[in-house]
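Reading through the structure tokens given below for one structure.
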Amino acid sequence: MDEKQKEIGNMKLSSSAFGNKEVVPVEYTCDGDDVSPPLTFADVPNNAKSLAFIVDDPDAPMGTWVHWLVWNVPPNVTGFSKGENIIFLQGKNDFGKLEYGGPCPPSGTHRYYFKLYALDTMLDLQPGTSKKQLEKAMTGHIIEEAKLMRTYSR
């Protein structure tokens with residue numbers, strides 16, 4: 001088995017604040033401090049040139065709501081700390097900001113997907129890029145993906 005085959009499906013994304021499919025603690029939402037949660041990246045493929053990160057809510061009434069976009073994260077970065085001031089390029093979320101925007105559903109229980117992508121390139125995108133533009137730029141460059149899903153309701 002070659003090295004690339006060994007790496008497929010190994011990358012991990014986790015948080016010390018919540019597990020997969022758990023309810024997000026209030027401090028990471030608009031009802032609390034609205035700070036980004038601590039995140040840990042593990043087993044990033046050796047051939048990755050950069051990491052990209054998307055947080056979105058597919059249950060929003062008007063379509064998928066974007067909470068956070070980050071890209072061109074060096075592959076040796078092992079995560080983000082709670083409320084970290086992110087120095088990497090960020091896109092515009094659906095709150096109109098270039099930063100984390102926590103869960104803030106109008107009603108019901110929503111799912112929030114944290115998605116980490118290992119890419120074989122750096123992306124030539126400007127700050128404020130949209131999720132659609134980021135996903136288009138990542139097309140054909142994703143080596144591996146890891147997901148973490150959590151829920152929140154008000």
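As shown in the structure tokens, the chain order sets the letters A, B, ...; within each chain, residues go from 1, and ligands are also counted from 1 in the order they appear.
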Original post:
Running DSSP on the backbone, which parts of stretch 19-150 of chain A land in strand (DSSP E), as a ChimeraX atom specification?
Top reply: /A:39-42,50-57,65-73,79-80,89-90,109-119,142-150
Subject >> Contacts of A:Gly19 at 10 Å (only C-alpha atoms; same-chain gap of 4+ positions) as a PyMOL selection string >> reply: chain A and resi 14-15+23-24+148-150
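If only C-alpha atoms are the atoms counted, then among A:Gly101, A:Gly108, A:Pro25, A:Pro127 the closest residue to A:Trp68 is A:Gly101.
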Subject >> Distance of atom CA of A:Val55 from atom CA of A:Tyr113, expressed in Å to one decimal place >> reply: 5.4 Å
